[in-house]
>>> print(open('final.cif').read())   # mmCIF, C-alpha atoms and all ligand atoms
data_work
#
loop_
_atom_site.label_atom_id
_atom_site.label_comp_id
_atom_site.auth_asym_id
_atom_site.auth_seq_id
_atom_site.Cartn_x
_atom_site.Cartn_y
_atom_site.Cartn_z
CA MET A 28 34.08 65.90 117.98
CA PRO A 29 31.72 66.16 120.96
CA ALA A 30 32.71 64.22 124.01
CA ASN A 31 31.12 61.02 125.27
CA LEU A 32 29.97 59.52 122.01
CA THR A 33 29.09 55.93 122.76
CA PRO A 34 30.21 52.85 120.81
CA GLU A 35 26.55 52.46 119.81
CA TYR A 36 26.62 55.92 118.22
CA LEU A 37 29.91 55.28 116.46
CA LYS A 38 28.49 52.06 115.05
CA ALA A 39 25.50 53.94 113.66
CA GLU A 40 27.82 56.56 112.22
CA LYS A 41 29.82 53.84 110.48
CA TRP A 42 26.59 52.44 109.11
CA PHE A 43 25.74 55.91 107.77
CA ARG A 44 29.12 56.28 106.05
CA GLU A 45 28.82 52.87 104.44
CA ALA A 46 25.13 53.10 103.53
CA ALA A 47 24.52 52.18 99.92
CA SER A 48 21.19 53.92 99.37
CA PRO A 49 19.45 57.13 100.50
CA ASP A 50 16.89 54.96 102.32
CA GLU A 51 19.59 53.25 104.27
CA LYS A 52 21.33 56.56 105.00
CA LEU A 53 18.07 57.81 106.39
CA LEU A 54 17.76 54.81 108.67
CA ALA A 55 21.32 55.20 109.86
CA LEU A 56 20.83 58.90 110.59
CA GLU A 57 17.75 58.14 112.62
CA GLN A 58 19.66 55.52 114.52
CA MET A 59 22.47 58.03 115.21
CA LEU A 60 19.96 60.51 116.60
CA ARG A 61 18.30 57.85 118.66
CA VAL A 62 21.41 56.58 120.40
CA MET A 63 23.24 59.90 120.73
CA PRO A 64 23.89 60.87 124.36
CA LYS A 65 21.79 63.90 125.28
CA HIS A 66 23.88 66.69 126.79
CA LYS A 67 25.16 70.17 125.98
CA GLY A 68 28.21 68.82 124.18
CA THR A 69 26.07 67.11 121.55
CA ASP A 70 23.59 69.94 120.86
CA HIS A 71 25.35 71.15 117.72
CA LEU A 72 25.82 67.70 116.33
CA ARG A 73 22.17 66.89 116.96
CA ALA A 74 21.00 70.00 115.11
CA ASP A 75 23.34 69.16 112.26
CA LEU A 76 22.04 65.61 112.00
CA ARG A 77 18.43 66.81 112.08
CA ARG A 78 19.16 69.12 109.14
CA LYS A 79 20.76 66.29 107.20
CA LEU A 80 17.85 64.06 108.00
CA SER A 81 15.21 66.47 106.82
CA LYS A 82 17.12 67.17 103.59
CA LEU A 83 17.48 63.48 102.93
CA LYS A 84 13.80 62.83 103.65
CA ASP A 85 12.87 65.54 101.22
CA THR A 86 14.95 64.17 98.37
CA THR A 87 13.91 60.56 99.05
CA THR A 88 10.19 61.32 98.92
CA LYS A 89 10.61 63.42 95.78
CA LYS A 90 12.46 60.57 94.15
CA GLU A 91 9.83 58.08 95.26
CA ARG A 92 7.15 60.26 93.70
CA ALA A 93 9.08 60.58 90.47
CA LYS A 94 9.42 56.83 90.09
CA HIS A 95 5.67 56.17 89.83
CA ILE A 96 6.22 52.54 90.65
CA ASP A 97 4.96 51.56 94.04
CA VAL A 98 7.25 48.75 95.11
CA PHE A 99 5.20 48.42 98.27
CA HIS A 100 2.16 47.34 96.36
CA VAL A 101 2.31 43.55 96.22
CA PRO A 102 -0.19 42.17 93.70
CA ARG A 103 -2.19 39.42 95.31
CA SER A 104 -1.75 35.89 94.20
CA GLY A 105 -3.04 32.53 95.43
CA ALA A 106 -5.73 31.87 98.02
CA GLY A 107 -4.79 34.67 100.42
CA GLN A 108 -2.06 37.15 101.22
CA ILE A 109 -0.27 37.21 104.57
CA VAL A 110 2.18 40.05 105.25
CA LEU A 111 4.86 39.87 107.92
CA LEU A 112 5.42 42.74 110.34
CA GLY A 113 8.33 42.97 112.71
CA ALA A 114 11.43 44.63 114.07
CA PRO A 115 14.83 44.29 112.40
CA ASN A 116 16.33 40.79 112.80
CA SER A 117 13.15 39.31 114.23
CA GLY A 118 13.39 36.47 111.71
CA LYS A 119 10.90 37.55 109.03
CA SER A 120 13.05 36.71 106.02
CA SER A 121 14.00 33.35 107.57
CA ILE A 122 10.31 32.34 107.70
CA VAL A 123 9.79 33.24 104.04
CA ALA A 124 13.03 31.49 103.10
CA ALA A 125 11.98 28.33 104.96
CA LEU A 126 8.46 28.10 103.54
CA THR A 127 8.74 29.46 99.99
CA ASN A 128 11.08 29.54 97.01
CA ALA A 129 11.30 33.34 97.12
CA LYS A 130 14.77 34.80 97.02
CA VAL A 131 14.92 36.66 100.30
CA ASN A 132 17.85 38.04 102.16
CA VAL A 133 18.50 36.44 105.56
CA ALA A 134 21.14 38.40 107.38
CA ASP A 135 22.26 39.19 110.88
CA PHE A 136 22.34 42.92 110.25
CA PRO A 137 19.27 45.13 110.35
CA PHE A 138 17.46 46.38 107.24
CA ALA A 139 18.72 43.63 104.94
CA THR A 140 15.24 43.63 103.39
CA ALA A 141 14.48 46.88 101.55
CA ALA A 142 11.17 46.15 99.81
CA PRO A 143 8.42 43.55 100.19
CA VAL A 144 9.21 40.16 98.67
CA PRO A 145 6.35 37.74 98.07
CA GLY A 146 6.65 33.98 98.09
CA MET A 147 4.12 31.17 97.77
CA VAL A 148 3.48 28.67 100.57
CA LYS A 149 1.90 25.37 99.64
CA PHE A 150 -0.90 24.11 101.84
CA GLU A 151 -2.30 20.81 100.58
CA ASP A 152 -3.76 21.73 97.17
CA ILE A 153 -3.61 25.52 97.38
CA GLN A 154 -0.96 28.22 97.45
CA ILE A 155 -0.92 31.01 100.04
CA GLN A 156 1.08 34.17 99.46
CA LEU A 157 3.52 35.13 102.20
CA VAL A 158 5.17 38.54 101.96
CA ASP A 159 8.52 39.41 103.54
CA THR A 160 8.81 43.09 104.44
CA PRO A 161 11.34 45.70 105.52
CA PRO A 162 11.44 46.03 109.28
CA ILE A 163 9.78 48.73 111.28
CA THR A 164 11.32 50.53 114.22
CA ALA A 165 9.98 53.12 116.64
CA ASP A 166 11.07 55.86 114.24
CA TYR A 167 11.23 54.28 110.86
CA LEU A 168 8.76 52.89 108.46
CA ALA A 169 9.60 52.61 104.78
CA PRO A 170 7.52 55.07 102.78
CA GLY A 171 4.56 53.24 101.29
CA GLN A 172 4.80 50.28 103.62
CA VAL A 173 1.42 51.00 105.22
CA GLY A 174 -0.07 50.27 101.80
CA THR A 175 1.39 46.77 101.85
CA TYR A 176 -0.54 46.02 105.04
CA ARG A 177 -3.69 47.80 103.87
CA ASN A 178 -3.80 45.47 100.88
CA CYS A 179 -3.33 42.13 102.64
CA ASP A 180 -5.70 39.56 104.12
CA LEU A 181 -3.85 38.83 107.33
CA ILE A 182 -0.97 40.38 109.25
CA ALA A 183 1.61 38.13 110.90
CA ILE A 184 3.41 39.97 113.70
CA VAL A 185 6.87 38.44 114.02
CA ILE A 186 8.45 38.58 117.48
CA ASP A 187 11.95 37.34 118.31
CA LEU A 188 11.54 35.46 121.60
CA SER A 189 15.24 35.80 122.37
CA ALA A 190 15.29 39.62 122.21
CA ASP A 191 13.40 42.44 123.97
CA MET A 192 9.86 41.21 123.38
CA GLN A 193 8.13 44.11 125.06
CA GLN A 194 9.86 46.64 122.85
CA GLN A 195 9.18 44.71 119.63
CA PHE A 196 5.57 44.23 120.56
CA ARG A 197 5.06 47.87 121.43
CA ILE A 198 6.58 49.01 118.14
CA CYS A 199 4.38 46.66 116.11
CA LEU A 200 1.20 47.50 117.99
CA ASP A 201 1.84 51.25 118.03
CA PHE A 202 2.21 51.05 114.28
CA LEU A 203 -0.96 49.01 113.78
CA ASP A 204 -2.94 51.22 116.17
CA SER A 205 -1.73 54.49 114.71
CA LYS A 206 -2.77 53.40 111.21
CA ASN A 207 -6.04 51.79 112.30
CA LEU A 208 -4.82 48.57 110.79
CA LEU A 209 -5.97 46.17 113.46
CA ILE A 210 -9.49 44.85 113.86
CA ASP A 211 -10.62 45.42 117.43
CA GLY A 212 -13.58 46.81 119.32
CA GLU A 213 -13.00 50.33 117.98
CA THR A 214 -11.83 49.62 114.47
CA PRO A 215 -14.29 47.56 112.48
CA ALA A 216 -13.14 45.54 109.49
CA VAL A 217 -15.01 47.81 107.07
CA ASP A 218 -16.21 51.40 107.07
CA GLY A 219 -19.72 52.61 106.17
CA GLN A 220 -18.98 52.34 102.43
CA GLY A 221 -17.70 48.80 102.76
CA ASN A 222 -14.05 49.81 102.35
CA ILE A 223 -11.79 47.47 104.19
CA LEU A 224 -9.99 49.32 106.97
CA ALA A 225 -8.52 46.87 109.36
CA LYS A 226 -7.05 43.41 109.32
CA LYS A 227 -6.86 40.36 111.47
CA ALA A 228 -3.47 39.68 112.95
CA PHE A 229 -1.65 36.88 114.72
CA CYS A 230 1.77 36.41 116.15
CA ILE A 231 4.64 34.24 114.95
CA CYS A 232 7.18 33.90 117.76
CA THR A 233 10.61 33.08 116.37
CA LYS A 234 13.96 31.76 117.57
CA SER A 235 12.43 29.35 120.09
CA ASP A 236 15.76 27.48 119.96
CA ILE A 237 17.60 30.30 121.74
CA ALA A 238 14.73 31.79 123.78
CA LYS A 239 14.70 31.72 127.57
CA PRO A 240 12.32 29.06 128.92
CA GLY A 241 8.90 30.60 129.43
CA ALA A 242 9.48 33.44 126.96
CA LEU A 243 6.27 32.74 125.08
CA GLY A 244 4.25 32.79 128.31
CA THR A 245 5.77 36.16 129.20
CA LEU A 246 4.90 37.52 125.76
CA LYS A 247 1.30 36.35 126.07
CA GLU A 248 1.02 38.13 129.40
CA LEU A 249 2.31 41.34 127.82
CA CYS A 250 -0.35 41.18 125.13
CA LYS A 251 -3.75 42.69 125.66
CA HIS A 252 -5.05 41.50 122.29
CA ARG A 253 -6.44 38.05 121.80
CA PHE A 254 -3.92 37.05 119.17
CA GLU A 255 -3.16 33.52 118.32
CA PHE A 256 0.50 32.76 119.03
CA VAL A 257 2.60 30.19 117.23
CA GLU A 258 6.14 29.37 118.26
CA ILE A 259 8.77 28.43 115.70
CA SER A 260 12.46 28.12 115.07
CA ALA A 261 13.71 28.64 111.55
CA GLU A 262 17.02 27.25 112.80
CA THR A 263 15.80 23.83 114.00
CA GLY A 264 12.57 23.73 112.00
CA THR A 265 10.36 23.46 115.10
CA GLY A 266 6.80 24.58 114.34
CA LEU A 267 7.47 25.29 110.65
CA GLU A 268 5.59 22.28 109.36
CA GLU A 269 2.37 23.37 111.07
CA LEU A 270 2.53 26.97 109.81
CA PRO A 271 0.80 26.50 106.42
CA ALA A 272 -2.23 24.88 108.11
CA THR A 273 -2.35 27.75 110.60
CA PHE A 274 -2.22 30.26 107.73
CA PHE A 275 -5.10 28.48 106.03
CA ARG A 276 -7.23 28.38 109.19
CA LEU A 277 -6.60 32.04 110.07
CA LEU A 278 -7.32 33.20 106.51
CA ASP A 279 -10.75 31.73 107.13
CA ILE A 280 -11.24 30.44 103.62
CA ILE A 281 -12.77 27.30 102.15
CA ARG A 282 -11.88 25.22 99.09
CA ILE A 283 -14.58 24.22 96.67
CA TYR A 284 -14.18 21.80 93.77
CA ALA A 285 -16.34 22.42 90.74
CA LYS A 286 -17.80 19.40 88.99
CA PRO A 287 -19.08 19.56 85.43
CA PRO A 288 -22.42 17.66 85.23
CA GLY A 289 -21.86 13.99 84.47
CA LYS A 290 -18.09 14.23 84.85
CA PRO A 291 -15.74 13.79 87.79
CA ALA A 292 -14.76 16.90 89.73
CA ASP A 293 -11.42 18.57 89.13
CA MET A 294 -9.81 17.85 92.48
CA THR A 295 -6.52 19.55 91.67
CA ASP A 296 -7.47 23.19 91.44
CA PRO A 297 -10.11 24.33 93.94
CA PHE A 298 -11.84 27.68 94.04
CA THR A 299 -11.16 29.48 97.29
CA LEU A 300 -13.84 31.59 98.93
CA PRO A 301 -14.29 33.31 102.29
CA ALA A 302 -15.77 30.96 104.91
CA GLY A 303 -19.54 31.39 105.02
CA SER A 304 -19.85 31.71 101.23
CA THR A 305 -22.93 30.28 99.56
CA VAL A 306 -23.65 28.38 96.36
CA MET A 307 -24.53 31.71 94.75
CA ASP A 308 -21.23 33.29 95.88
CA LEU A 309 -19.42 30.45 94.15
CA ALA A 310 -21.43 30.84 90.96
CA THR A 311 -20.82 34.61 90.98
CA GLY A 312 -17.12 34.01 91.56
CA ILE A 313 -16.97 31.72 88.55
CA HIS A 314 -18.97 33.93 86.20
CA ARG A 315 -21.10 36.87 87.22
CA GLN A 316 -23.52 36.74 84.27
CA LEU A 317 -23.79 33.00 84.30
CA ALA A 318 -24.65 33.12 88.01
CA GLU A 319 -27.98 34.80 87.24
CA LYS A 320 -28.90 31.74 85.21
CA LEU A 321 -28.13 29.31 88.01
CA LYS A 322 -31.00 26.81 88.15
CA PHE A 323 -29.81 24.47 90.85
CA ALA A 324 -26.71 22.92 92.35
CA ARG A 325 -25.81 19.47 93.55
CA ILE A 326 -23.40 19.04 96.35
CA TRP A 327 -21.11 16.35 97.78
CA GLY A 328 -19.44 17.16 101.06
CA THR A 329 -20.03 18.02 104.69
CA GLY A 330 -23.50 17.88 106.27
CA VAL A 331 -25.25 16.76 103.07
CA TYR A 332 -25.91 13.45 101.44
CA ASP A 333 -24.02 12.78 98.22
CA GLY A 334 -25.43 14.64 95.26
CA GLN A 335 -28.01 16.49 97.39
CA ASN A 336 -29.72 19.42 95.72
CA ALA A 337 -28.61 22.70 97.26
CA GLN A 338 -30.33 26.08 97.24
CA ARG A 339 -28.58 29.27 96.14
CA ASN A 340 -28.20 30.36 99.75
CA HIS A 341 -26.78 27.03 100.94
CA VAL A 342 -23.63 27.75 102.96
CA LEU A 343 -20.64 25.81 101.65
CA ASN A 344 -18.04 23.94 103.67
CA ASP A 345 -14.35 23.41 103.01
CA LYS A 346 -13.76 20.66 100.43
CA ASP A 347 -17.34 20.54 99.17
CA ILE A 348 -17.78 19.39 95.58
CA ILE A 349 -20.37 21.36 93.64
CA GLU A 350 -22.11 20.69 90.39
CA LEU A 351 -23.75 23.84 89.04
CA HIS A 352 -26.69 23.60 86.66
CA PHE A 353 -27.66 26.64 84.60
CA ASN A 354 -30.74 27.52 82.60
N1 LIG B 401 18.87 30.89 116.41
C1 LIG B 401 18.00 31.33 115.49
N2 LIG B 401 18.37 32.33 114.66
C2 LIG B 401 17.47 32.76 113.75
C3 LIG B 401 16.17 32.20 113.65
N3 LIG B 401 15.50 32.87 112.68
C4 LIG B 401 16.36 33.78 112.19
N4 LIG B 401 17.56 33.71 112.83
C5 LIG B 401 18.75 34.55 112.58
O1 LIG B 401 18.42 35.90 112.90
C6 LIG B 401 19.04 36.80 111.97
C7 LIG B 401 17.99 37.68 111.33
O2 LIG B 401 17.10 36.86 110.56
P1 LIG B 401 16.26 37.45 109.36
O3 LIG B 401 15.33 36.36 108.94
O4 LIG B 401 17.14 38.05 108.32
O5 LIG B 401 15.45 38.59 110.13
P2 LIG B 401 14.59 39.81 109.53
O6 LIG B 401 15.47 41.01 109.61
O7 LIG B 401 13.41 39.92 110.44
O8 LIG B 401 14.22 39.44 108.12
C8 LIG B 401 19.79 35.92 110.97
O9 LIG B 401 21.13 35.85 111.36
C9 LIG B 401 19.12 34.57 111.10
O10 LIG B 401 19.98 33.51 110.78
C10 LIG B 401 15.81 31.13 114.56
O11 LIG B 401 14.71 30.59 114.56
N5 LIG B 401 16.77 30.76 115.45
MG MG B 402 14.52 40.63 106.42
#
>>> encode(input="final.cif", output="structure tokens")
Amino acid sequence: MPANLTPEYLKAEKWFREAASPDEKLLALEQMLRVMPKHKGTDHLRADLRRKLSKLKDTTTKKERAKHIDVFHVPRSGAGQIVLLGAPNSGKSSIVAALTNAKVNVADFPFATAAPVPGMVKFEDIQIQLVDTPPITADYLAPGQVGTYRNCDLIAIVIDLSADMQQQFRICLDFLDSKNLLIDGETPAVDGQGNILAKKAFCICTKSDIAKPGALGTLKELCKHRFEFVEISAETGTGLEELPATFFRLLDIIRIYAKPPGKPADMTDPFTLPAGSTVMDLATGIHRQLAEKLKFARIWGTGVYDGQNAQRNHVLNDKDIIELHFN
């Protein structure tokens, strides 16, 4: 055995020996390579590990292809889909466990979450989908995981305030930048054909109960993006109660209650639409063909008097009640 192998390396090696799946073996191998001391005595071992790694990568991707089921594709459900992004142990699964009924794995060892797990968060009268994900590291991203983010409405970057924030942040942002996943000056939300490229993101800062005072301020200073930051503790519950409202606001959606003419509105099951949607967008959302026959609409809500007639291009507000009249 080469000299000077560190306890960190031996730990990774133990993880490799005990790994239950090829994916986990791959992660452990990468960790071994990462923490291995770099000197002449470890050259052979390094080459050997690299060979193992490339063989393992080859078989894993082949297997993935053979399966034909993309576990990283999370079908959307509810009013919007928010996908968590973060380093191992940053507290992602704890957030999903605290806010939803999903069966997620909270554990104090890395990579306890192997595939995305969706759960539903209740906000007032709607449900928002929150997706737990496998972690990312500087060298590892589960195959197919980019697709999970590509498909979502909003990315929640999860940062553990009690750990190395700079490193976590860099890993998350390098990932988002390298995949053009983040809306900024250079990456518009849609390309020329209207395909959605990039997403909005915000930051959930976890473990406030064990963070150093001022940690959040430090993190904000590190960040060049204008993210919104929310601070929580899954341990004490601080900040958890406000999260669903924050999700709703950042998803930038509105709730509209449809009212059959002459009857009370169904106030239990609103339609959800992107903010800025019009009467016609609502009608189209309900029934595309019927929408063409829209004669007029009456509206109860914000900035209108009760039962006011509204044009097709009238911009709706959250909680408006609409009565649609067709030809
Ligand atoms: N003190 C404290 N520990 C937390 C908090 N959130 C998560 N943890 C612990 O951190 C570890 C990793 O949490 P987990 O949610 O599995 O992280 P994930 O790997 O990002 O999904 C577990 O031991 C959790 O109990 C928190 O707010 N405060
Ligand atoms: Mg997890």
>>> residues_near_ligand(input="final.cif", ligand="ligand LIG 401 (chain B)", cutoff="9 Å", atoms="all atoms listed in the file", output="CSV table (one decimal) with C-alpha atoms, in the frame of the given file")
chain,number,residue,atom,x,y,z
A,111,LEU,CA,4.9,39.9,107.9
A,112,LEU,CA,5.4,42.7,110.3
A,113,GLY,CA,8.3,43.0,112.7
A,114,ALA,CA,11.4,44.6,114.1
A,115,PRO,CA,14.8,44.3,112.4
A,116,ASN,CA,16.3,40.8,112.8
A,117,SER,CA,13.2,39.3,114.2
A,118,GLY,CA,13.4,36.5,111.7
A,119,LYS,CA,10.9,37.6,109.0
A,120,SER,CA,13.0,36.7,106.0
A,121,SER,CA,14.0,33.4,107.6
A,122,ILE,CA,10.3,32.3,107.7
A,123,VAL,CA,9.8,33.2,104.0
A,124,ALA,CA,13.0,31.5,103.1
A,131,VAL,CA,14.9,36.7,100.3
A,132,ASN,CA,17.8,38.0,102.2
A,133,VAL,CA,18.5,36.4,105.6
A,134,ALA,CA,21.1,38.4,107.4
A,135,ASP,CA,22.3,39.2,110.9
A,136,PHE,CA,22.3,42.9,110.2
A,137,PRO,CA,19.3,45.1,110.4
A,138,PHE,CA,17.5,46.4,107.2
A,139,ALA,CA,18.7,43.6,104.9
A,140,THR,CA,15.2,43.6,103.4
A,159,ASP,CA,8.5,39.4,103.5
A,160,THR,CA,8.8,43.1,104.4
A,161,PRO,CA,11.3,45.7,105.5
A,162,PRO,CA,11.4,46.0,109.3
A,185,VAL,CA,6.9,38.4,114.0
A,186,ILE,CA,8.4,38.6,117.5
A,187,ASP,CA,12.0,37.3,118.3
A,189,SER,CA,15.2,35.8,122.4
A,232,CYS,CA,7.2,33.9,117.8
A,233,THR,CA,10.6,33.1,116.4
A,234,LYS,CA,14.0,31.8,117.6
A,235,SER,CA,12.4,29.4,120.1
A,236,ASP,CA,15.8,27.5,120.0
A,237,ILE,CA,17.6,30.3,121.7
A,238,ALA,CA,14.7,31.8,123.8
A,259,ILE,CA,8.8,28.4,115.7
A,260,SER,CA,12.5,28.1,115.1
A,261,ALA,CA,13.7,28.6,111.6
A,262,GLU,CA,17.0,27.2,112.8
A,263,THR,CA,15.8,23.8,114.0
A,264,GLY,CA,12.6,23.7,112.0
A,265,THR,CA,10.4,23.5,115.1
>>> residues_around(input="final.cif", residues="A:Gln193", least_positions_apart="6", cutoff="9 Å", atoms="only C-alpha atoms", output="PyMOL selection string")
chain A and resi 246+249-250
>>> atom_distance(input="final.cif", atom1="atom CA of A:Leu343", atom2="atom CA of A:Ala302")
7.8 Å
>>> residues_around(input="final.cif", residues="A:Val158", least_positions_apart="2", cutoff="7 Å", atoms="all atoms listed in the file", output="list in words")
Ile109, Val110, Leu111, Pro143, Val144, Pro145, Gly146, Gln156 and Thr160 of chain A
>>> residues_around(input="final.cif", residues="A:Lys247", least_positions_apart="4", cutoff="12 Å", atoms="all atoms listed in the file", output="MDAnalysis selection string")
chainID A and resid 186 188 192:193 196 229:232 241:243 251:258
>>> residues_around(input="final.cif", residues="stretch 39-41 of chain A", least_positions_apart="4", cutoff="9 Å", atoms="all atoms listed in the file", output="PyMOL selection string")
chain A and resi 34-35+45-46+55-59+62
>>> decode(input="final.cif", residues="stretch 60-87 of chain A", atoms="C-alpha atoms", output="mmCIF file, in the first residue's frame")
data_model
loop_
_atom_site.group_PDB
_atom_site.id
_atom_site.type_symbol
_atom_site.label_atom_id
_atom_site.label_comp_id
_atom_site.auth_asym_id
_atom_site.auth_seq_id
_atom_site.Cartn_x
_atom_site.Cartn_y
_atom_site.Cartn_z
ATOM 1 C CA LEU A 60 -9.368 10.211 -6.176
ATOM 2 C CA ARG A 61 -10.261 13.615 -4.854
ATOM 3 C CA VAL A 62 -8.804 13.181 -1.400
ATOM 4 C CA MET A 63 -5.800 11.043 -2.330
ATOM 5 C CA PRO A 64 -2.479 12.711 -1.481
ATOM 6 C CA LYS A 65 -0.646 13.636 -4.678
ATOM 7 C CA HIS A 66 2.911 12.304 -4.727
ATOM 8 C CA LYS A 67 5.050 9.710 -6.487
ATOM 9 C CA GLY A 68 4.033 6.969 -4.062
ATOM 10 C CA THR A 69 0.386 7.211 -5.109
ATOM 11 C CA ASP A 70 0.865 7.386 -8.902
ATOM 12 C CA HIS A 71 0.123 3.705 -9.491
ATOM 13 C CA LEU A 72 -2.867 3.676 -7.240
ATOM 14 C CA ARG A 73 -4.246 6.776 -8.936
ATOM 15 C CA ALA A 74 -3.916 5.215 -12.387
ATOM 16 C CA ASP A 75 -5.572 2.071 -11.107
ATOM 17 C CA LEU A 76 -8.500 3.990 -9.634
ATOM 18 C CA ARG A 77 -8.934 5.989 -12.837
ATOM 19 C CA ARG A 78 -9.194 2.739 -14.802
ATOM 20 C CA LYS A 79 -11.777 1.375 -12.381
ATOM 21 C CA LEU A 80 -13.687 4.603 -12.573
ATOM 22 C CA SER A 81 -13.863 4.700 -16.328
ATOM 23 C CA LYS A 82 -14.944 1.044 -16.491
ATOM 24 C CA LEU A 83 -17.635 1.657 -13.938
ATOM 25 C CA LYS A 84 -18.855 4.775 -15.736
ATOM 26 C CA ASP A 85 -19.098 2.813 -18.930
ATOM 27 C CA THR A 86 -21.187 0.016 -17.453
ATOM 28 C CA THR A 87 -23.410 2.412 -15.489
#
